[in-house]
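Working notes, beginning with the structure itself.
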Amino acid sequence: MPSADDTQTADDAETGSDTPTDEAREGLLAILSDELGDALVASHLKPGDDLWIRVTNESWSDTADYLRNRQRFRFFDFVSAIDWMPSPYGRSLSAAVDDQLAEAEATSDEAAVASEDAKTGTGADGYTGGDTRFQVFARVYNLTTRLGVTLKADVDESMSIGTWINTYPGAAWQEREAHEMFGITFTGNADMRNIYLPGDFEGNPLRKDYPLMARLVKPWPGIVDVEPMPATENPEDAS
Amino acid sequence: MTAVNDREQLAYIASQAADARVNLELEAEGMTLNIGPQHPATHGTLRIVLELDGEQVIKADPVMGYMHRGYEKLVEVRTYPQVTTLINRIDWLSGFANEVPFILAAEKLMEIEAPERAKHIRTLLFEMSRIANVTLFLGDMAVQLGAVSPVFYAFRDREYVLNQIEAVTGGRFHPNFDRIGGLKDDLPAGWIEDTKVAIQKIYDFCDEMEDLLVGNEIFQARTRGIGIIPADVALSYGLSGANARASGIDWDLRRDSDVGQGGGLAYDKVDFKVWTHPDGDSFARYWVRLQETREACSIVEQLLDTIPSGPIMAKVPRIIKVAEGEAYVATENPLGEMGYYVISQGGLEPFRVKIRSASFSNMSITPWLLQGTYVPDVITILASLYFILGDIDR
Amino acid sequence: MIAIELAYWQEAILKLLLGFAIVLPPAGITVYLYLFKMVSFMQSRLGPMEAGPYGSLQLVAEIGKWAQKEDIFPTKADRFVYAAAPFVVLISTFLLVLVVPFGPDLAIIGGENGVDTGIFFALAVSSISVIGILMAGWASASKYSLLGGLRAAGQLIAYELPLVLAVVGVVIQAGTLSMQGIVSAQYEGEIFGFGGFGNPYFLTQFVGFMIFLISVQAELAQAPFDMPVAESELVTGYMTEYSGMRFLLFFIGEFATANVFAFIAATLFLGGWAVPPFLVDMIPGLEIDSWAFNLIGPAVMIVKMLLLTFVVYWVRFTFPRFREDQLQRFAWKVLIPISLVNIAVTGLLKVVF
C-alpha cells in the first residue's frame, strides 16, 4: 500500500542537487504548491524529465479547472487509474527456467548494477505515494511552456471521484474506460456506460484481482528465447 | 398596455411555447441509422449510431470495443521485450512507430541510452512507417469521397516503402525490431540506395494526389468547411498530430519534446518544417497530412545521408529488469501523440502500462463534431480524422 | 424491305430477341472493356486474367456466380414490390432502345421511319427507372436502401430536366422529333457551306452535348453523381439488400442503360448510324439509304457508343462524388439556366439562318 509522504518534495530537492537543476519545473511546482494550498498533498520532480503532483480526492475536478484556465494547461493527454494491490495470483512471470537464469545473472556485474538501481527507486509504490489501493492519474500539457504535469489522486472505498468533463470534454471517454476497467465512478459524468466491454460484462478487468484466465490455464513457460546481444563482441560475456 | 392585452400576450407566449415543445417532440422522433460495425466506411469495426432527422445528424454515438484486445492487461504478464510484439498491433499500419515510445520509456526507467546509430536508424524507420501509414490515408480519403482510383495508387506506392521496411526488419507490418538499448539488426547492404528510389516514388505519389484531389473542385467542395474544429476545442479533447495541426496548433512532439530532440530519436539532426493550417476543416487535415508526407520523405532523405557509424546496441543486461519508477514517453506517431505511461516495480514485467493512443483521443471529439452535420459529411469527417481501429480499441 | 410476311406473334418474338441482342451483348462488351480492363489499367492493375484469354470470359463466370446465389428477401420487405423492382428498372432500359434507329430500316418499332416522336418517347420512358428505384428503396425495409432510394429519386428527377432541355436544342435544329429524322438532318446538314462531314450536332450543339452527357452521367448515378449508391456511406444505396439474380438485374440495368443512353447520344449528336458523307462518296454505288447501311449502321453505332461510354467510365473512375445538395444546386442553378439559354440561342440562330 502506498504511504503518505508529505516530505517527499524536500527529499527530491535534495536528491536533485547532483543532477542538473530544472528551473522551469521547480518554478511551476512552487506556483502550484502556493496556489493549490492544502489540495496539493505531495509532489515529485525529476529534473529535466517530468513533474508529478498528488492532489486530494475532493479537489480533483477543481485542480483540472485551475490548471486549464489559470495555468494554461490546455492540452489534455489522458485520464486513467492504477490498482496498487499486488496481484493475488503472484508474479505471473516465474518459472524454474527463470530461476536458473537469474542465478547465472547474479554473478555478472550488470545484474548487480540493475538490482542496485531497483533498490534506489523512489517511493515504495509509485511517485508521490498514496494511501489507497486505487488511484486515478491524469496528464495535461502546457503547449506554451512545453511542460507536462502528471496528476494523481487517491480513490477510497467509495470508489468515486469528481469528473473532468466540464474542463476537458475529452476526458469523457477516458473516464468511461477507467470506470469499466477499475470500477471507479466519476461523479458528474452521466455517461458511465461501458466503452469497450459488452454492456453486461461483470468484473473490472484491469483490477489486479481480476484473473487473466489465459495465464492461469497455461502457466508462464519461462524465458527461453533470449537472443544474444549484437553489441557484445564476445558472445560469452552475455551468457 | 392593458391587463387584458398582457393576458392575451401571455397566453400567446404560452401557446407558442407549447407548440415549440410539440415541435421538439416531433423533431426528436428521428430515424436511427446504425453505421457499422460491418460497413464499408469504417475500415475496421467501428460502429456509429446516428440519430437522424432526414439526413441531418441529431446525435452521434460511436460504439467501440469490437476489437478490444486488452493490451493493458496482457502486457502486465509479459516481459518488456515481449511487450513490443503486442503493441505492434495497436496501429497496425505503422507497427514500428508503436514500439518506439514504449522502448524509450523502458530505456528511460533503466537509464540506458541507445547508441547514436541506433537512434538514427530508429528515426529513419519511424519516418518510413509514417509514410507507409499516411500514404494510405491520402488514398483512402478519396475512396470515402467516391473517387476509387487514388487508393490503388496509394497501395501501389506504399509497397515500395513497405519493401524497404521489410528488408531491414523482416516484417512488413509488425517489425518487432526495436530493442531496449538499440535495435535488433543493422541495415542490410545496398539498402540506402534502394530507399532513396522508394522515397522518390512517394514524392511522385504526393504530386499525383495534389493534382488529382487537392486541386479538384469537387474534392474541395466536399471537404472545405466540413467538420471545423477550433484550436481550443481540439486541445480540450486531446486531439494531436495532424488533426491538431490542421486546427492551427503549432505542436509537434518531434520538434517540441526532449524525446524527439536527441533523447531517443534523432530529429535534432535534421531540418524539417512543421506544417499547420489555420482552417481546421477536413480539407486542412488532408492538406497537412499531404505536406507531412513530403516532409517525412525529406527527413528520410536527410537521415539516409548522415547515418553515423558505431554500434547499434548499448550494453544491456541479458535479462531485462526495469528499475522501479514511472515514466511517460510520447512520440509523434503518424496518427498523433502516442504515449506509454509505464509503472515498473522492478520486475521482469511492467506493473501497469497506460497506453495513450492517438486515435482514441482523436475520435472522442466525434459526438461533438458530428452533431448537426449531414450523412455524407459524417463520412468525410470520419475519413479526415483518420483513425485506425486498432488504435482506438487497443 | 424484308420480303417475308410474318405473323404478328412471330414478328413480336423476333423484335424481342432483337431487343435482347441490342441491349445485352453491348453491355457485356462495355463491362469487360471498360469496367474490367480499362479501369484496371487506370488503377495500375491487370484486372481479370484467369477466365479465358485476358479474362474475357470473366463476365460469364460472374453471371454463373450470381445465378447460384441465394435470392434473399429481408424479413420485413414488401415481397411483391421488392421482387418486381429490378424488372421495372430493366424494362425502362428495353423501352429506351426501341426507338433508336440502327440503320435506314432498322428500328424495332414504328415501321420504316421509326416512331415520329421517337426522342419524346425515349425521354418519357427513361423516367420509369425512377419508379423502380423508389420501389427498391422502399420495399427493402432497410434504412440505407430508403435513403438511397430517396436520394436517387431526387437526383434523377432533377437531372431529367437538363436532359430534356439539352435535347430541345437538337430538336429545334433538326426540326423533327423523329430520331431517324435527326440522323438524316445531321447527314444532310452543312457547316458554313461545307457538307463533307455533314452537320454532327456535337459541333453545332456543343453546349447541349455537354449538358446531355453530364445529365446522362447523373441519370445513370455514376460518379461524380453516385450519391444514391455512395458505397462509402450507404453501402450500395437502394441495391443494398438485393442478392443473386435480382442484384444482377440491377447490375445489367445500370450498364445496359449506360449503353442505351450512349446510343441515344450517338444518334442525337454524333450522326447516329450514318457515317460522314465524304466517306459514303468515296465508295462508288453506296448511297446513304442503300440497304448495305442496315449492316454498316449497327457497327457504326457500336463504335460511337463505345466512344461515349469510354467518357462515362473515364469520368466515373476519376472524380470524387458530389454531395446531394451540391448536385441539386448544380442541376438547378447551372445546367438548367445554361440549357435554357442554349435553347433561346438555338431558336434565334434557326430563325436567322
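Convention: chains lettered A, B, ... in C-alpha cells order; per-chain residue numbering from 1; ligands numbered from 1 as shown.
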
Practice prompt. Identify, on the basis of only C-alpha atoms, every residue whose closest approach to Arg47 (chain B) does not exceed 8 Å; exclude the query and any residue fewer than 4 positions from it along the same chain; express the result as a VMD selection string.
Written response: chain B and resid 34 to 38 42 62 to 64

Go ahead and dump the residues you just picked, C-alpha atoms, as a short mmCIF file (atom, residue, chain, number, x, y, z; two decimals), in the first residue's frame.
data_model
loop_
_atom_site.label_atom_id
_atom_site.label_comp_id
_atom_site.auth_asym_id
_atom_site.auth_seq_id
_atom_site.Cartn_x
_atom_site.Cartn_y
_atom_site.Cartn_z
CA ASN B 34 -26.60 2.27 -37.47
CA ILE B 35 -23.34 2.66 -39.36
CA GLY B 36 -21.21 -0.35 -38.70
CA PRO B 37 -19.73 -2.48 -37.23
CA GLN B 38 -19.73 -4.04 -40.69
CA THR B 42 -15.48 2.31 -41.07
CA PRO B 62 -19.71 5.88 -31.51
CA VAL B 63 -19.69 2.38 -30.11
CA MET B 64 -16.31 0.75 -29.79
#

Distance limit 12 Å, atoms considered: only C-alpha atoms. Which chain C residues sit that close to chain B? Return them as a ChimeraX atom specification.
/C:38-46,142-148,150-151,221-236,240,313-327,330

Considering only helix (DSSP H, G or I) as DSSP defines it on the backbone, what residues of region 22-217 of chain A qualify? List them as a tab-separated table (two decimals) with N, CA, C and O atoms, in the first residue's frame.
chain	number	residue	atom	x	y	z
A	23	GLU	N	14.82	24.63	-13.61
A	23	GLU	CA	14.20	25.82	-13.03
A	23	GLU	C	12.75	25.95	-13.43
A	23	GLU	O	11.91	26.34	-12.63
A	24	ALA	N	12.46	25.62	-14.68
A	24	ALA	CA	11.09	25.80	-15.16
A	24	ALA	C	10.12	24.95	-14.34
A	24	ALA	O	9.09	25.43	-13.88
A	25	ARG	N	10.47	23.68	-14.15
A	25	ARG	CA	9.56	22.80	-13.42
A	25	ARG	C	9.52	23.16	-11.95
A	25	ARG	O	8.48	23.09	-11.31
A	26	GLU	N	10.68	23.56	-11.40
A	26	GLU	CA	10.67	23.95	-9.98
A	26	GLU	C	9.83	25.19	-9.77
A	26	GLU	O	9.08	25.29	-8.80
A	27	GLY	N	9.93	26.13	-10.71
A	27	GLY	CA	9.11	27.33	-10.62
A	27	GLY	C	7.64	26.99	-10.68
A	27	GLY	O	6.83	27.49	-9.89
A	28	LEU	N	7.30	26.08	-11.60
A	28	LEU	CA	5.90	25.68	-11.74
A	28	LEU	C	5.43	25.00	-10.46
A	28	LEU	O	4.32	25.28	-9.97
A	29	LEU	N	6.28	24.15	-9.90
A	29	LEU	CA	5.90	23.43	-8.69
A	29	LEU	C	5.68	24.42	-7.55
A	29	LEU	O	4.73	24.28	-6.76
A	30	ALA	N	6.54	25.45	-7.49
A	30	ALA	CA	6.38	26.44	-6.43
A	30	ALA	C	5.04	27.15	-6.57
A	30	ALA	O	4.31	27.32	-5.59
A	31	ILE	N	4.70	27.51	-7.80
A	31	ILE	CA	3.41	28.19	-8.03
A	31	ILE	C	2.27	27.27	-7.64
A	31	ILE	O	1.32	27.67	-6.96
A	32	LEU	N	2.37	26.02	-8.07
A	32	LEU	CA	1.28	25.09	-7.82
A	32	LEU	C	1.11	24.88	-6.31
A	32	LEU	O	-0.02	24.90	-5.81
A	33	SER	N	2.22	24.67	-5.58
A	33	SER	CA	2.04	24.42	-4.15
A	33	SER	C	1.54	25.68	-3.45
A	33	SER	O	0.81	25.60	-2.48
A	34	ASP	N	1.89	26.85	-3.99
A	34	ASP	CA	1.37	28.09	-3.43
A	34	ASP	C	-0.14	28.18	-3.61
A	34	ASP	O	-0.87	28.43	-2.67
A	35	GLU	N	-0.57	28.00	-4.84
A	35	GLU	CA	-1.95	28.33	-5.18
A	35	GLU	C	-2.92	27.21	-4.85
A	35	GLU	O	-4.08	27.45	-4.56
A	36	LEU	N	-2.44	25.96	-4.96
A	36	LEU	CA	-3.35	24.87	-4.63
A	36	LEU	C	-3.47	24.69	-3.12
A	36	LEU	O	-4.47	24.18	-2.64
A	37	GLY	N	-2.46	25.10	-2.37
A	37	GLY	CA	-2.52	25.03	-0.92
A	37	GLY	C	-2.67	23.61	-0.42
A	37	GLY	O	-1.91	22.71	-0.81
A	38	ASP	N	-3.71	23.38	0.39
A	38	ASP	CA	-3.89	22.07	1.00
A	38	ASP	C	-4.29	21.00	0.00
A	38	ASP	O	-4.13	19.82	0.25
A	39	ALA	N	-4.81	21.42	-1.11
A	39	ALA	CA	-5.24	20.44	-2.10
A	39	ALA	C	-4.06	19.62	-2.61
A	39	ALA	O	-4.20	18.44	-2.94
A	60	TRP	N	-10.02	17.12	-7.05
A	60	TRP	CA	-9.62	16.58	-8.35
A	60	TRP	C	-10.16	17.42	-9.51
A	60	TRP	O	-9.42	17.84	-10.39
A	61	SER	N	-11.47	17.69	-9.47
A	61	SER	CA	-12.06	18.46	-10.57
A	61	SER	C	-11.57	19.89	-10.57
A	61	SER	O	-11.27	20.47	-11.62
A	62	ASP	N	-11.48	20.47	-9.37
A	62	ASP	CA	-11.07	21.88	-9.28
A	62	ASP	C	-9.64	22.06	-9.77
A	62	ASP	O	-9.30	23.08	-10.38
A	63	THR	N	-8.80	21.07	-9.48
A	63	THR	CA	-7.41	21.19	-9.93
A	63	THR	C	-7.34	21.24	-11.45
A	63	THR	O	-6.58	22.03	-12.02
A	64	ALA	N	-8.16	20.41	-12.09
A	64	ALA	CA	-8.18	20.41	-13.55
A	64	ALA	C	-8.58	21.79	-14.05
A	64	ALA	O	-7.96	22.36	-14.95
A	65	ASP	N	-9.64	22.32	-13.41
A	65	ASP	CA	-10.12	23.64	-13.81
A	65	ASP	C	-9.03	24.68	-13.63
A	65	ASP	O	-8.77	25.52	-14.50
A	66	TYR	N	-8.35	24.61	-12.48
A	66	TYR	CA	-7.28	25.56	-12.19
A	66	TYR	C	-6.17	25.44	-13.23
A	66	TYR	O	-5.68	26.43	-13.79
A	67	LEU	N	-5.76	24.20	-13.49
A	67	LEU	CA	-4.63	24.01	-14.40
A	67	LEU	C	-4.97	24.50	-15.80
A	67	LEU	O	-4.15	25.11	-16.47
A	68	ARG	N	-6.19	24.22	-16.23
A	68	ARG	CA	-6.52	24.60	-17.60
A	68	ARG	C	-6.72	26.10	-17.73
A	68	ARG	O	-6.17	26.75	-18.61
A	69	ASN	N	-7.51	26.66	-16.82
A	69	ASN	CA	-7.93	28.03	-17.03
A	69	ASN	C	-6.98	29.05	-16.42
A	69	ASN	O	-6.96	30.21	-16.85
A	96	ALA	N	10.81	-22.25	-13.39
A	96	ALA	CA	12.07	-22.84	-12.99
A	96	ALA	C	13.21	-22.36	-13.89
A	96	ALA	O	14.31	-22.07	-13.44
A	97	VAL	N	12.89	-22.21	-15.18
A	97	VAL	CA	13.92	-21.77	-16.13
A	97	VAL	C	14.47	-20.42	-15.73
A	97	VAL	O	15.68	-20.17	-15.74
A	98	ASP	N	13.56	-19.54	-15.32
A	98	ASP	CA	13.98	-18.19	-15.00
A	98	ASP	C	14.89	-18.18	-13.78
A	98	ASP	O	15.84	-17.40	-13.72
A	99	ASP	N	14.59	-19.03	-12.79
A	99	ASP	CA	15.42	-19.04	-11.58
A	99	ASP	C	16.85	-19.40	-11.92
A	99	ASP	O	17.79	-18.80	-11.43
A	100	GLN	N	17.01	-20.41	-12.77
A	100	GLN	CA	18.37	-20.79	-13.18
A	100	GLN	C	19.07	-19.61	-13.85
A	100	GLN	O	20.21	-19.28	-13.54
A	101	LEU	N	18.33	-18.97	-14.75
A	101	LEU	CA	18.91	-17.83	-15.45
A	101	LEU	C	19.28	-16.75	-14.46
A	101	LEU	O	20.34	-16.13	-14.55
A	102	ALA	N	18.40	-16.52	-13.51
A	102	ALA	CA	18.64	-15.44	-12.55
A	102	ALA	C	19.90	-15.71	-11.74
A	102	ALA	O	20.66	-14.79	-11.43
A	103	GLU	N	20.13	-16.98	-11.42
A	103	GLU	CA	21.35	-17.31	-10.68
A	103	GLU	C	22.58	-16.97	-11.51
A	103	GLU	O	23.52	-16.34	-11.04
A	104	ALA	N	22.54	-17.40	-12.75
A	104	ALA	CA	23.66	-17.09	-13.64
A	104	ALA	C	23.85	-15.58	-13.75
A	104	ALA	O	24.96	-15.07	-13.75
A	105	GLU	N	22.74	-14.89	-13.78
A	105	GLU	CA	22.76	-13.44	-13.96
A	105	GLU	C	23.39	-12.77	-12.75
A	105	GLU	O	24.09	-11.77	-12.88
A	106	ALA	N	23.12	-13.32	-11.57
A	106	ALA	CA	23.56	-12.68	-10.33
A	106	ALA	C	25.08	-12.56	-10.27
A	106	ALA	O	25.61	-11.68	-9.59
A	107	THR	N	25.77	-13.44	-10.99
A	107	THR	CA	27.23	-13.39	-10.93
A	107	THR	C	27.80	-12.26	-11.76
A	107	THR	O	28.92	-11.82	-11.54
A	109	ASP	N	28.27	-8.48	-13.45
A	109	ASP	CA	28.28	-7.14	-12.87
A	109	ASP	C	27.01	-6.37	-13.18
A	109	ASP	O	26.49	-5.64	-12.36
A	110	GLU	N	26.56	-6.57	-14.42
A	110	GLU	CA	25.40	-5.79	-14.86
A	110	GLU	C	24.20	-6.01	-13.96
A	110	GLU	O	23.47	-5.09	-13.63
A	111	ALA	N	24.01	-7.28	-13.58
A	111	ALA	CA	22.86	-7.59	-12.76
A	111	ALA	C	22.97	-6.87	-11.42
A	111	ALA	O	21.97	-6.39	-10.88
A	112	ALA	N	24.19	-6.80	-10.90
A	112	ALA	CA	24.38	-6.13	-9.62
A	112	ALA	C	23.97	-4.67	-9.73
A	112	ALA	O	23.26	-4.14	-8.88
A	113	VAL	N	24.41	-4.06	-10.84
A	113	VAL	CA	24.04	-2.66	-11.04
A	113	VAL	C	22.53	-2.53	-11.13
A	113	VAL	O	21.92	-1.66	-10.50
A	114	ALA	N	21.92	-3.44	-11.90
A	114	ALA	CA	20.48	-3.36	-12.10
A	114	ALA	C	19.74	-3.51	-10.78
A	114	ALA	O	18.80	-2.76	-10.50
A	115	SER	N	20.17	-4.46	-9.96
A	115	SER	CA	19.44	-4.67	-8.72
A	115	SER	C	19.65	-3.48	-7.77
A	115	SER	O	18.76	-3.11	-7.03
A	116	GLU	N	20.81	-2.87	-7.85
A	116	GLU	CA	21.03	-1.69	-7.01
A	116	GLU	C	20.11	-0.55	-7.44
A	116	GLU	O	19.54	0.15	-6.61
A	117	ASP	N	19.97	-0.43	-8.78
A	117	ASP	CA	19.04	0.56	-9.30
A	117	ASP	C	17.66	0.34	-8.73
A	117	ASP	O	16.96	1.28	-8.36
A	118	ALA	N	17.29	-0.93	-8.70
A	118	ALA	CA	15.95	-1.26	-8.24
A	118	ALA	C	15.78	-0.82	-6.78
A	118	ALA	O	14.70	-0.35	-6.40
A	119	LYS	N	16.82	-0.93	-6.00
A	119	LYS	CA	16.70	-0.57	-4.58
A	119	LYS	C	16.54	0.93	-4.40
A	119	LYS	O	15.82	1.38	-3.53
A	171	ALA	N	-12.11	14.07	-21.62
A	171	ALA	CA	-11.98	13.09	-20.55
A	171	ALA	C	-13.14	12.12	-20.52
A	171	ALA	O	-13.05	11.08	-19.87
A	172	ALA	N	-14.23	12.43	-21.23
A	172	ALA	CA	-15.45	11.62	-21.13
A	172	ALA	C	-15.16	10.15	-21.44
A	172	ALA	O	-15.52	9.27	-20.66
A	173	TRP	N	-14.53	9.91	-22.55
A	173	TRP	CA	-14.30	8.50	-22.93
A	173	TRP	C	-13.26	7.86	-22.04
A	173	TRP	O	-13.36	6.69	-21.70
A	174	GLN	N	-12.25	8.64	-21.67
A	174	GLN	CA	-11.20	8.07	-20.81
A	174	GLN	C	-11.80	7.67	-19.47
A	174	GLN	O	-11.41	6.66	-18.88
A	175	GLU	N	-12.74	8.48	-18.97
A	175	GLU	CA	-13.37	8.15	-17.69
A	175	GLU	C	-14.27	6.94	-17.82
A	175	GLU	O	-14.35	6.12	-16.90
A	176	ARG	N	-14.93	6.82	-18.96
A	176	ARG	CA	-15.74	5.61	-19.18
A	176	ARG	C	-14.85	4.38	-19.15
A	176	ARG	O	-15.20	3.35	-18.59
A	177	GLU	N	-13.69	4.50	-19.77
A	177	GLU	CA	-12.77	3.37	-19.79
A	177	GLU	C	-12.31	3.04	-18.38
A	177	GLU	O	-12.32	1.87	-17.96
A	178	ALA	N	-11.92	4.07	-17.62
A	178	ALA	CA	-11.47	3.82	-16.25
A	178	ALA	C	-12.59	3.23	-15.42
A	178	ALA	O	-12.36	2.39	-14.53
A	179	HIS	N	-13.83	3.64	-15.71
A	179	HIS	CA	-14.97	3.12	-14.95
A	179	HIS	C	-15.15	1.63	-15.19
A	179	HIS	O	-15.32	0.85	-14.25
A	180	GLU	N	-15.10	1.23	-16.45
A	180	GLU	CA	-15.35	-0.20	-16.70
A	180	GLU	C	-14.15	-1.05	-16.31
A	180	GLU	O	-14.30	-2.19	-15.91
A	181	MET	N	-12.96	-0.49	-16.41
A	181	MET	CA	-11.78	-1.29	-16.14
A	181	MET	C	-11.46	-1.38	-14.66
A	181	MET	O	-10.88	-2.35	-14.20
A	182	PHE	N	-11.81	-0.33	-13.88
A	182	PHE	CA	-11.46	-0.33	-12.46
A	182	PHE	C	-12.67	-0.21	-11.54
A	182	PHE	O	-12.55	-0.44	-10.34
A	213	MET	N	-7.32	-15.31	-17.39
A	213	MET	CA	-7.52	-16.77	-17.45
A	213	MET	C	-6.47	-17.45	-18.31
A	213	MET	O	-5.98	-18.52	-17.97
A	214	ALA	N	-6.10	-16.82	-19.40
A	214	ALA	CA	-5.13	-17.47	-20.29
A	214	ALA	C	-3.85	-17.81	-19.54
A	214	ALA	O	-3.26	-18.87	-19.74
A	215	ARG	N	-3.45	-16.91	-18.63
A	215	ARG	CA	-2.21	-17.14	-17.91
A	215	ARG	C	-2.39	-18.20	-16.83
A	215	ARG	O	-1.45	-18.94	-16.52
A	216	LEU	N	-3.58	-18.27	-16.26
A	216	LEU	CA	-3.81	-19.27	-15.21
A	216	LEU	C	-3.91	-20.66	-15.81
A	216	LEU	O	-3.44	-21.65	-15.24
A	217	VAL	N	-4.53	-20.75	-16.99
A	217	VAL	CA	-4.71	-22.06	-17.60
A	217	VAL	C	-3.38	-22.60	-18.10
A	217	VAL	O	-3.06	-23.77	-17.92

- Contact set, chain B to chain A: 8 Å, only C-alpha atoms, as a PyMOL selection string: chain B and resi 63-66+68+72-74+77-79+184-185+232+235-238+251+256-257+311-319+321-326+343+345-346+348-349+352+354+356+361+364-365+393

Mind dumping the selected residues with N, CA and C atoms as a short mmCIF file (atom, residue, chain, number, x, y, z; two decimals), in the first residue's frame?
data_model
loop_
_atom_site.label_atom_id
_atom_site.label_comp_id
_atom_site.auth_asym_id
_atom_site.auth_seq_id
_atom_site.Cartn_x
_atom_site.Cartn_y
_atom_site.Cartn_z
N VAL B 63 -19.74 3.55 -30.98
CA VAL B 63 -19.69 2.38 -30.11
C VAL B 63 -18.43 1.61 -30.48
N MET B 64 -17.59 1.42 -29.49
CA MET B 64 -16.31 0.75 -29.79
C MET B 64 -16.22 -0.56 -29.05
N GLY B 65 -15.10 -1.19 -29.20
CA GLY B 65 -14.82 -2.38 -28.40
C GLY B 65 -14.98 -3.67 -29.16
N TYR B 66 -15.36 -3.59 -30.43
CA TYR B 66 -15.48 -4.84 -31.19
C TYR B 66 -14.12 -5.47 -31.43
N HIS B 68 -11.48 -4.84 -29.11
CA HIS B 68 -10.69 -4.58 -27.91
C HIS B 68 -9.95 -5.85 -27.52
N GLU B 72 -3.63 -3.57 -22.25
CA GLU B 72 -3.13 -3.03 -20.99
C GLU B 72 -3.09 -4.13 -19.93
N LYS B 73 -3.99 -5.09 -20.03
CA LYS B 73 -3.95 -6.23 -19.11
C LYS B 73 -2.87 -7.22 -19.54
N LEU B 74 -2.80 -7.47 -20.82
CA LEU B 74 -1.90 -8.51 -21.32
C LEU B 74 -0.43 -8.16 -21.08
N VAL B 77 1.55 -9.27 -17.89
CA VAL B 77 2.11 -10.61 -17.69
C VAL B 77 3.13 -10.94 -18.79
N ARG B 78 3.77 -9.91 -19.32
CA ARG B 78 4.79 -10.16 -20.33
C ARG B 78 6.06 -9.41 -19.99
N THR B 79 7.17 -9.99 -20.37
CA THR B 79 8.42 -9.28 -20.12
C THR B 79 8.51 -8.09 -21.06
N LYS B 184 17.55 -4.53 -33.26
CA LYS B 184 17.86 -5.95 -33.40
C LYS B 184 19.02 -6.15 -34.36
N ASP B 185 18.94 -5.53 -35.51
CA ASP B 185 19.95 -5.75 -36.54
C ASP B 185 20.36 -4.44 -37.16
N ASP B 232 -9.01 25.51 -29.71
CA ASP B 232 -9.20 25.32 -28.28
C ASP B 232 -9.95 24.02 -27.99
N LEU B 235 -7.73 20.98 -28.42
CA LEU B 235 -6.84 20.70 -27.30
C LEU B 235 -7.59 20.08 -26.13
N SER B 236 -8.80 20.59 -25.86
CA SER B 236 -9.55 20.05 -24.73
C SER B 236 -9.93 18.60 -24.95
N TYR B 237 -10.11 18.22 -26.20
CA TYR B 237 -10.44 16.82 -26.48
C TYR B 237 -9.18 15.98 -26.63
N GLY B 238 -8.04 16.60 -26.54
CA GLY B 238 -6.81 15.83 -26.65
C GLY B 238 -6.46 15.44 -28.07
N TRP B 251 2.28 22.39 -32.96
CA TRP B 251 2.74 21.49 -31.91
C TRP B 251 3.13 20.16 -32.55
N ASP B 256 9.14 19.41 -30.46
CA ASP B 256 8.90 20.09 -29.18
C ASP B 256 9.11 19.21 -27.96
N SER B 257 9.61 18.02 -28.12
CA SER B 257 9.85 17.22 -26.92
C SER B 257 11.31 16.81 -26.85
N PRO B 311 28.12 1.18 -32.90
CA PRO B 311 27.29 0.02 -32.57
C PRO B 311 25.81 0.35 -32.69
N ILE B 312 24.98 -0.67 -32.78
CA ILE B 312 23.54 -0.42 -32.82
C ILE B 312 22.88 -0.88 -31.53
N MET B 313 23.68 -1.31 -30.57
CA MET B 313 23.08 -1.81 -29.34
C MET B 313 23.94 -1.37 -28.16
N ALA B 314 23.28 -0.81 -27.16
CA ALA B 314 24.02 -0.46 -25.95
C ALA B 314 24.21 -1.72 -25.11
N LYS B 315 25.02 -1.62 -24.11
CA LYS B 315 25.20 -2.78 -23.23
C LYS B 315 23.99 -2.87 -22.31
N VAL B 316 23.26 -3.94 -22.45
CA VAL B 316 22.09 -4.14 -21.58
C VAL B 316 22.22 -5.51 -20.93
N PRO B 317 21.67 -5.66 -19.73
CA PRO B 317 21.70 -7.00 -19.11
C PRO B 317 20.94 -8.00 -19.95
N ARG B 318 21.33 -9.24 -19.80
CA ARG B 318 20.70 -10.24 -20.64
C ARG B 318 19.23 -10.39 -20.27
N ILE B 319 18.94 -10.43 -19.01
CA ILE B 319 17.54 -10.45 -18.58
C ILE B 319 17.17 -9.04 -18.18
N LYS B 321 15.48 -6.37 -16.42
CA LYS B 321 14.64 -5.97 -15.30
C LYS B 321 14.68 -4.46 -15.26
N VAL B 322 13.50 -3.88 -15.22
CA VAL B 322 13.44 -2.42 -15.27
C VAL B 322 13.32 -1.89 -13.85
N ALA B 323 14.12 -0.88 -13.58
CA ALA B 323 14.13 -0.32 -12.23
C ALA B 323 12.78 0.26 -11.87
N GLU B 324 12.51 0.32 -10.57
CA GLU B 324 11.25 0.87 -10.10
C GLU B 324 11.12 2.32 -10.54
N GLY B 325 9.92 2.70 -10.84
CA GLY B 325 9.72 4.09 -11.22
C GLY B 325 8.56 4.22 -12.19
N GLU B 326 8.33 5.45 -12.60
CA GLU B 326 7.25 5.73 -13.53
C GLU B 326 7.79 6.62 -14.63
N ILE B 343 4.57 1.99 -15.40
CA ILE B 343 4.89 1.92 -13.98
C ILE B 343 5.60 0.60 -13.76
N GLN B 345 7.76 -1.96 -11.12
CA GLN B 345 8.09 -2.24 -9.73
C GLN B 345 9.34 -3.10 -9.64
N GLY B 346 10.18 -2.95 -10.62
CA GLY B 346 11.46 -3.61 -10.57
C GLY B 346 11.45 -5.04 -11.04
N LEU B 348 10.38 -8.25 -14.02
CA LEU B 348 10.57 -8.55 -15.44
C LEU B 348 9.48 -7.90 -16.27
N GLU B 349 8.33 -7.71 -15.63
CA GLU B 349 7.18 -7.24 -16.37
C GLU B 349 6.75 -5.88 -15.85
N ARG B 352 2.07 -1.64 -14.54
CA ARG B 352 0.89 -1.10 -15.21
C ARG B 352 1.37 -0.28 -16.38
N LYS B 354 -0.27 2.35 -19.14
CA LYS B 354 -1.39 3.06 -19.72
C LYS B 354 -1.00 3.43 -21.14
N ARG B 356 -1.65 5.52 -24.20
CA ARG B 356 -2.37 6.72 -24.67
C ARG B 356 -2.29 6.70 -26.18
N SER B 361 -8.21 9.37 -28.58
CA SER B 361 -8.47 10.77 -28.25
C SER B 361 -9.02 11.52 -29.46
N SER B 364 -12.61 10.86 -29.82
CA SER B 364 -13.51 11.25 -28.73
C SER B 364 -14.20 12.58 -29.04
N ILE B 365 -13.76 13.25 -30.07
CA ILE B 365 -14.41 14.51 -30.44
C ILE B 365 -15.64 14.27 -31.31
N ASP B 393 -9.25 0.78 -30.19
CA ASP B 393 -9.67 -0.31 -29.31
C ASP B 393 -8.53 -0.92 -28.52
#

Practice task
Enumerate as a PyMOL selection string all residues of region 161-294 of chain B assigned to strand (DSSP E or B) by DSSP on the backbone, naming them with the chain letters and numbers the document uses.
Solution key: chain B and resi 178-179+182-183+261+266
